[in-house]
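**Q** Got model02.cif for you, mmCIF, C-alpha atoms:
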```cif
data_query
loop_
_atom_site.label_atom_id
_atom_site.label_comp_id
_atom_site.auth_asym_id
_atom_site.auth_seq_id
_atom_site.Cartn_x
_atom_site.Cartn_y
_atom_site.Cartn_z
CA MET A 1 -18.05 -6.21 4.11
CA TRP A 2 -17.08 -5.62 7.72
CA GLU A 3 -18.80 -8.69 9.17
CA TRP A 4 -15.99 -10.99 8.08
CA LEU A 5 -13.24 -8.96 9.74
CA LYS A 6 -12.00 -9.95 13.15
CA LYS A 7 -12.65 -7.31 15.77
CA THR A 8 -9.26 -7.27 17.40
CA ARG A 9 -6.02 -8.89 16.31
CA GLN A 10 -2.47 -7.67 16.53
CA GLN A 11 0.51 -9.16 14.78
CA GLN A 12 4.17 -8.38 15.23
CA ASP A 13 6.62 -9.71 12.65
CA ASN A 14 10.07 -8.31 11.87
CA GLY A 15 9.17 -4.79 12.95
CA GLU A 16 5.84 -4.83 11.10
CA SER A 17 2.53 -4.71 12.93
CA VAL A 18 -1.13 -5.06 12.06
CA ASN A 19 -3.93 -3.76 14.24
CA GLU A 20 -7.55 -4.48 13.38
CA ALA A 21 -9.05 -2.84 16.46
CA GLY A 22 -12.23 -1.04 15.50
CA LEU A 23 -12.52 -2.76 12.11
CA GLY A 24 -14.61 -5.70 13.26
CA GLY A 25 -18.25 -6.60 12.88
CA SER A 26 -20.89 -8.95 14.19
CA ARG A 27 -18.97 -12.13 13.36
CA ALA A 28 -15.79 -11.20 15.20
CA ALA A 29 -16.41 -13.42 18.24
CA GLU A 30 -17.50 -16.32 16.06
CA THR A 31 -14.31 -16.08 14.01
CA GLU A 32 -12.07 -16.02 17.07
CA GLU A 33 -13.79 -19.04 18.60
CA SER A 34 -13.69 -21.16 15.46
CA GLY A 35 -10.13 -20.23 14.54
CA LYS A 36 -11.15 -20.08 10.87
CA GLU A 37 -10.82 -17.11 8.56
CA PRO A 38 -14.20 -16.12 7.07
CA GLN A 39 -14.27 -16.27 3.28
CA ALA A 40 -14.86 -13.14 1.23
CA ASP A 41 -17.10 -13.07 -1.82
CA GLU A 42 -14.64 -13.50 -4.68
CA LYS A 43 -17.13 -12.04 -7.17
CA ALA A 44 -17.43 -8.77 -5.25
CA ALA A 45 -15.45 -5.67 -6.14
CA PRO A 46 -12.16 -5.46 -4.22
CA ALA A 47 -12.38 -3.70 -0.88
CA VAL A 48 -8.73 -2.67 -1.11
CA ILE A 49 -6.64 -2.10 -4.22
CA VAL A 50 -3.14 -2.57 -2.85
CA ILE A 51 -0.48 -0.90 -4.98
CA THR A 52 2.94 -2.35 -4.21
CA GLY A 53 6.13 -3.04 -6.16
CA SER A 54 9.64 -1.73 -6.62
CA SER A 55 10.66 1.61 -5.12
CA GLY A 56 10.73 4.47 -7.61
CA ALA A 57 8.44 2.73 -10.12
CA GLY A 58 5.77 5.45 -9.99
CA ARG A 59 3.35 3.68 -7.64
CA LYS A 60 2.02 6.77 -5.87
CA GLN A 61 1.44 8.69 -9.10
CA LEU A 62 -0.48 5.72 -10.50
CA ALA A 63 -2.52 5.40 -7.30
CA TRP A 64 -3.43 9.09 -7.44
CA GLN A 65 -4.56 8.83 -11.07
CA LEU A 66 -6.46 5.59 -10.46
CA SER A 67 -8.19 7.24 -7.50
CA ARG A 68 -9.38 10.09 -9.71
CA GLU A 69 -10.55 7.84 -12.53
CA LEU A 70 -12.42 5.35 -10.32
CA GLY A 71 -13.64 7.88 -7.76
CA LEU A 72 -12.14 5.89 -4.88
CA PRO A 73 -10.31 7.27 -1.84
CA TYR A 74 -6.52 6.97 -1.87
CA ILE A 75 -5.35 6.48 1.73
CA ARG A 76 -1.89 8.02 2.25
CA SER A 77 0.63 6.52 4.63
CA TYR A 78 2.07 8.44 7.55
CA THR A 79 5.88 8.49 7.60
CA THR A 80 8.73 9.80 9.72
CA ARG A 81 11.24 10.10 6.88
CA GLY A 82 12.06 13.48 5.39
CA LYS A 83 10.53 14.85 2.21
CA ARG A 84 12.34 14.16 -1.03
CA PRO A 85 12.53 16.48 -4.05
CA GLY A 86 9.07 16.95 -5.57
CA GLU A 87 7.15 15.41 -2.65
CA GLU A 88 4.26 17.30 -1.09
CA GLU A 89 2.47 16.90 2.23
CA GLY A 90 -0.82 15.05 1.81
CA GLN A 91 -0.18 14.12 -1.81
CA HIS A 92 2.64 11.61 -1.43
CA TYR A 93 2.66 10.98 2.34
CA ARG A 94 1.57 12.51 5.62
CA PHE A 95 4.89 13.59 7.09
CA ILE A 96 5.16 13.51 10.90
CA ASP A 97 8.04 13.40 13.37
CA PRO A 98 9.12 10.19 15.17
CA GLY A 99 7.54 11.31 18.43
CA GLN A 100 4.14 11.79 16.81
CA PHE A 101 4.41 8.43 15.07
CA GLU A 102 5.29 6.60 18.27
CA ALA A 103 2.42 8.26 20.14
CA MET A 104 -0.01 7.16 17.43
CA ARG A 105 1.40 3.64 17.51
CA GLU A 106 1.03 3.42 21.29
CA ARG A 107 -2.62 4.48 20.94
CA ASP A 108 -3.12 1.66 18.39
CA GLU A 109 -4.07 4.16 15.70
CA PHE A 110 -2.33 2.31 12.87
CA PHE A 111 -3.98 -0.52 10.98
CA GLN A 112 -0.53 -1.50 9.71
CA SER A 113 2.92 -0.08 10.37
CA VAL A 114 6.46 -0.96 9.40
CA LYS A 115 9.99 0.31 9.98
CA LEU A 116 12.13 0.57 6.86
CA GLY A 117 15.61 1.91 6.25
CA ARG A 118 14.99 5.66 6.40
CA GLY A 119 11.86 5.85 8.52
CA ARG A 120 8.62 4.36 9.75
CA TYR A 121 5.40 4.09 7.78
CA GLY A 122 1.81 3.43 8.80
CA ILE A 123 -1.79 3.38 7.53
CA LYS A 124 -4.16 4.98 10.04
CA GLY A 125 -6.99 2.61 10.95
CA SER A 126 -9.71 5.24 11.41
CA GLU A 127 -9.02 6.73 7.97
CA LEU A 128 -9.15 3.29 6.37
CA ARG A 129 -12.37 2.37 8.16
CA SER A 130 -14.10 5.67 7.38
CA ALA A 131 -13.17 5.53 3.68
CA LEU A 132 -14.36 1.94 3.34
CA GLU A 133 -17.65 2.70 5.07
CA GLN A 134 -18.27 5.65 2.75
CA SER A 135 -16.98 4.27 -0.57
CA GLY A 136 -16.84 0.48 -0.22
CA SER A 137 -13.36 0.32 -1.76
CA VAL A 138 -10.07 2.17 -1.27
CA ILE A 139 -6.58 2.41 -2.75
CA VAL A 140 -3.37 2.16 -0.71
CA VAL A 141 0.33 2.16 -1.56
CA VAL A 142 2.47 -0.06 0.68
CA ASN A 143 5.58 -2.23 0.57
CA ARG A 144 5.59 -6.03 0.47
CA GLU A 145 4.99 -6.43 4.22
CA GLY A 146 2.06 -4.03 4.09
CA ALA A 147 0.58 -5.85 1.10
CA LEU A 148 0.78 -9.15 2.98
CA SER A 149 -0.98 -7.55 5.96
CA PHE A 150 -3.91 -6.39 3.84
CA LYS A 151 -4.14 -9.81 2.21
CA LYS A 152 -4.26 -11.55 5.60
CA VAL A 153 -7.11 -9.33 6.80
CA PHE A 154 -9.18 -8.85 3.64
CA GLY A 155 -8.47 -12.13 1.87
CA ALA A 156 -9.86 -12.28 -1.67
CA ARG A 157 -11.13 -8.71 -1.37
CA ALA A 158 -7.60 -7.32 -1.29
CA VAL A 159 -6.07 -7.25 -4.78
CA ARG A 160 -2.32 -6.69 -4.85
CA VAL A 161 -0.99 -4.85 -7.89
CA PHE A 162 2.78 -5.10 -8.36
CA ILE A 163 4.22 -2.13 -10.29
CA TYR A 164 7.79 -2.21 -11.53
CA THR A 165 10.18 -0.82 -14.13
CA THR A 166 13.42 -2.22 -15.45
CA LYS A 167 16.46 -1.43 -13.35
CA GLU A 168 17.89 0.67 -16.18
CA ASP A 169 14.68 2.70 -16.58
CA LEU A 170 14.51 3.22 -12.83
CA GLN A 171 17.97 4.76 -12.72
CA VAL A 172 17.31 6.99 -15.74
CA ARG A 173 14.00 8.18 -14.27
CA MET A 174 15.47 9.05 -10.89
CA GLU A 175 18.46 10.86 -12.40
CA LYS A 176 16.07 12.87 -14.58
CA GLU A 177 14.08 13.81 -11.46
CA ARG A 178 17.35 14.81 -9.71
CA VAL A 179 16.92 12.32 -6.90
CA PRO A 180 19.96 12.40 -4.55
CA GLN A 181 22.60 9.85 -5.50
CA ASP A 182 22.50 8.04 -2.14
CA ILE A 183 18.78 7.35 -2.60
CA ILE A 184 19.36 6.12 -6.16
CA MET A 185 22.00 3.70 -4.87
CA GLU A 186 19.63 2.52 -2.13
CA TYR A 187 16.89 1.79 -4.69
CA MET A 188 19.34 -0.03 -6.94
CA GLU A 189 20.40 -2.27 -4.06
CA LEU A 190 16.79 -3.08 -3.13
CA TYR A 191 15.59 -3.67 -6.70
CA THR A 192 16.29 -7.39 -7.16
CA GLU A 193 14.78 -8.39 -3.81
CA GLN A 194 11.68 -6.25 -4.36
CA VAL A 195 11.00 -7.50 -7.90
CA HIS A 196 11.39 -11.10 -6.75
CA SER A 197 8.18 -10.72 -4.70
CA LYS A 198 6.01 -9.92 -7.74
CA ARG A 199 5.03 -13.59 -7.99
CA GLU A 200 2.97 -13.14 -4.80
CA CYS A 201 0.65 -10.54 -6.37
CA GLU A 202 -2.60 -10.98 -8.28
CA VAL A 203 -1.76 -8.32 -10.90
CA VAL A 204 1.73 -7.51 -12.25
CA LEU A 205 2.35 -4.51 -14.52
CA GLN A 206 5.53 -3.03 -15.91
CA ASN A 207 5.22 0.75 -15.82
CA ARG A 208 6.74 1.61 -19.19
CA GLU A 209 4.59 4.69 -19.75
CA HIS A 210 2.24 6.30 -17.22
CA THR A 211 -0.90 6.71 -19.35
CA GLU A 212 -0.63 3.19 -20.75
CA THR A 213 -0.29 1.73 -17.25
CA VAL A 214 -3.26 3.73 -15.94
CA ASN A 215 -5.40 2.43 -18.82
CA ARG A 216 -4.38 -1.15 -18.08
CA LEU A 217 -5.29 -0.66 -14.42
CA LEU A 218 -8.67 0.79 -15.37
CA GLN A 219 -9.36 -2.16 -17.66
CA THR A 220 -8.47 -4.55 -14.85
CA PHE A 221 -10.70 -3.06 -12.18
CA LYS A 222 -13.60 -1.97 -14.36
CA THR A 223 -13.77 -5.55 -15.63
CA ASP A 224 -13.66 -6.89 -12.07
CA LYS A 225 -16.59 -4.70 -11.12
#
```
Reformat the file's structure so that it appears as structure tokens.

**A**
Amino acid sequence: MWEWLKKTRQQQDNGESVNEAGLGGSRAAETEESGKEPQADEKAAPAVIVITGSSGAGRKQLAWQLSRELGLPYIRSYTTRGKRPGEEEGQHYRFIDPGQFEAMRERDEFFQSVKLGRGRYGIKGSELRSALEQSGSVIVVVNREGALSFKKVFGARAVRVFIYTTKEDLQVRMEKERVPQDIIMEYMELYTEQVHSKRECEVVLQNREHTETVNRLLQTFKTDK
């Protein structure tokens, strides 16, 4: 799958960056000279299952369960924001301080990174590359900008799955989990803008109940394979 990736390309757009250094293959030079994006095999299994959607909709829990059921690596993002109630190191994110994040960014270690309201987030390129080489497909959880980055690089072999709940269910869920009120308000303010982007994604699922949503995801990707 790597032959159709460009060897080196960096993009900077509204604080979001993509770095493909080290992800290229034998056709990298050819692609750069022609200026054309190589086409992926649309019949092949997705290289990257990109879980995106509205904040607080249960994306990371779904990604973890899907990873277990399909036997695919789930690549966690690195972040500089603080842990929230119920979050654990290595399960939800890889928590690092701003200095560590900046040092990694300067060394071009991130495939994709973005700065959001409460912190910075990034997918480490070497972890992505290693997992793809070993398993052929991976699962990531990113925001809209991250999902667009994966789509630009992987084309048809990146399948974006938009997960959302109703605004009312989101508030009830977060209050039940005792999420701080300022974070609940932040999610409520972001909700409409985030849900509006669902039309960009290949798969859209409302997460009414966890087990039901996992089963629908399994049906989707087992069929695709």

**Q** Which residues are near Pro46 in chain A? Cut-off 7 Å, only C-alpha atoms, ignore same chain within fewer than 4 positions. Put them as number ranges by chain.

**A** A: 137, 157-159

**Q** What would the selection look like, as a PDB file with C-alpha atoms, in the frame of the given file, if the PyMOL selection byres ((chain A and resi 218) around 12) were run on the coordinates I just shared?

**A**
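And here's expr-v2.pdb as it stands now:
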```
ATOM      1  CA  ILE A  49      -6.640  -2.100  -4.220  1.00  0.00           C
ATOM      2  CA  LEU A  62      -0.480   5.720 -10.500  1.00  0.00           C
ATOM      3  CA  ALA A  63      -2.520   5.400  -7.300  1.00  0.00           C
ATOM      4  CA  GLN A  65      -4.560   8.830 -11.070  1.00  0.00           C
ATOM      5  CA  LEU A  66      -6.460   5.590 -10.460  1.00  0.00           C
ATOM      6  CA  SER A  67      -8.190   7.240  -7.500  1.00  0.00           C
ATOM      7  CA  ARG A  68      -9.380  10.090  -9.710  1.00  0.00           C
ATOM      8  CA  GLU A  69     -10.550   7.840 -12.530  1.00  0.00           C
ATOM      9  CA  LEU A  70     -12.420   5.350 -10.320  1.00  0.00           C
ATOM     10  CA  GLY A  71     -13.640   7.880  -7.760  1.00  0.00           C
ATOM     11  CA  THR A 211      -0.900   6.710 -19.350  1.00  0.00           C
ATOM     12  CA  GLU A 212      -0.630   3.190 -20.750  1.00  0.00           C
ATOM     13  CA  THR A 213      -0.290   1.730 -17.250  1.00  0.00           C
ATOM     14  CA  VAL A 214      -3.260   3.730 -15.940  1.00  0.00           C
ATOM     15  CA  ASN A 215      -5.400   2.430 -18.820  1.00  0.00           C
ATOM     16  CA  ARG A 216      -4.380  -1.150 -18.080  1.00  0.00           C
ATOM     17  CA  LEU A 217      -5.290  -0.660 -14.420  1.00  0.00           C
ATOM     18  CA  GLN A 219      -9.360  -2.160 -17.660  1.00  0.00           C
ATOM     19  CA  THR A 220      -8.470  -4.550 -14.850  1.00  0.00           C
ATOM     20  CA  PHE A 221     -10.700  -3.060 -12.180  1.00  0.00           C
ATOM     21  CA  LYS A 222     -13.600  -1.970 -14.360  1.00  0.00           C
ATOM     22  CA  THR A 223     -13.770  -5.550 -15.630  1.00  0.00           C
ATOM     23  CA  ASP A 224     -13.660  -6.890 -12.070  1.00  0.00           C
ATOM     24  CA  LYS A 225     -16.590  -4.700 -11.120  1.00  0.00           C
TER      25      LYS A 225
END
```

**Q** As a check of understanding, name the residues that the PyMOL selection byres ((chain A and resi 131-135) around 9) selects in the supplied structure, as a count of residues only.

**A** 17

**Q** Skipping near chain neighbours, those fewer than 4 positions away, what residues fall within 12 Å of Pro85 in chain A using only C-alpha atoms, listed as a PyMOL selection string?

**A** chain A and resi 89+92+174-180+183

**Q** Hey, can you check how far CA of Val203 in chain A sits from CA of Ser113 in chain A?

**A**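 So the two atoms, CA of Val203 in chain A and CA of Ser113 in chain A, lie 23.3 Å apart.
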
**Q** Once the PyMOL selection byres ((chain A and resi 171) around 12) is applied to the coordinates I shared, what remains selected? I want it as a PyMOL selection string.

**A** chain A and resi 55-57+165-170+172-189+191

**Q** Which is closest to Gln61 in chain A among A:Tyr78, A:Tyr93, A:Phe101, A:Phe110, if we use only C-alpha atoms?

**A**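 Result for the nearest residue to Gln61 in chain A: A:Tyr93.
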
**Q** Using all atoms listed in the file, which residue out of A:Leu205, A:Ile96, A:Val142, A:Val50 lies closest to Ala156 in chain A?

**A** A:Val50

**Q** When you count only C-alpha atoms, which of these residues is closest to Gly119 in chain A: A:Lys60, A:Val161, A:Asn143, A:Thr80?

**A**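 Result for the nearest residue to Gly119 in chain A: A:Thr80.
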
**Q** By how many Å are CA of Phe162 in chain A and CA of Trp64 in chain A apart?

**A**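 Atom-to-atom, CA of Phe162 in chain A and CA of Trp64 in chain A are spaced 15.5 Å apart.
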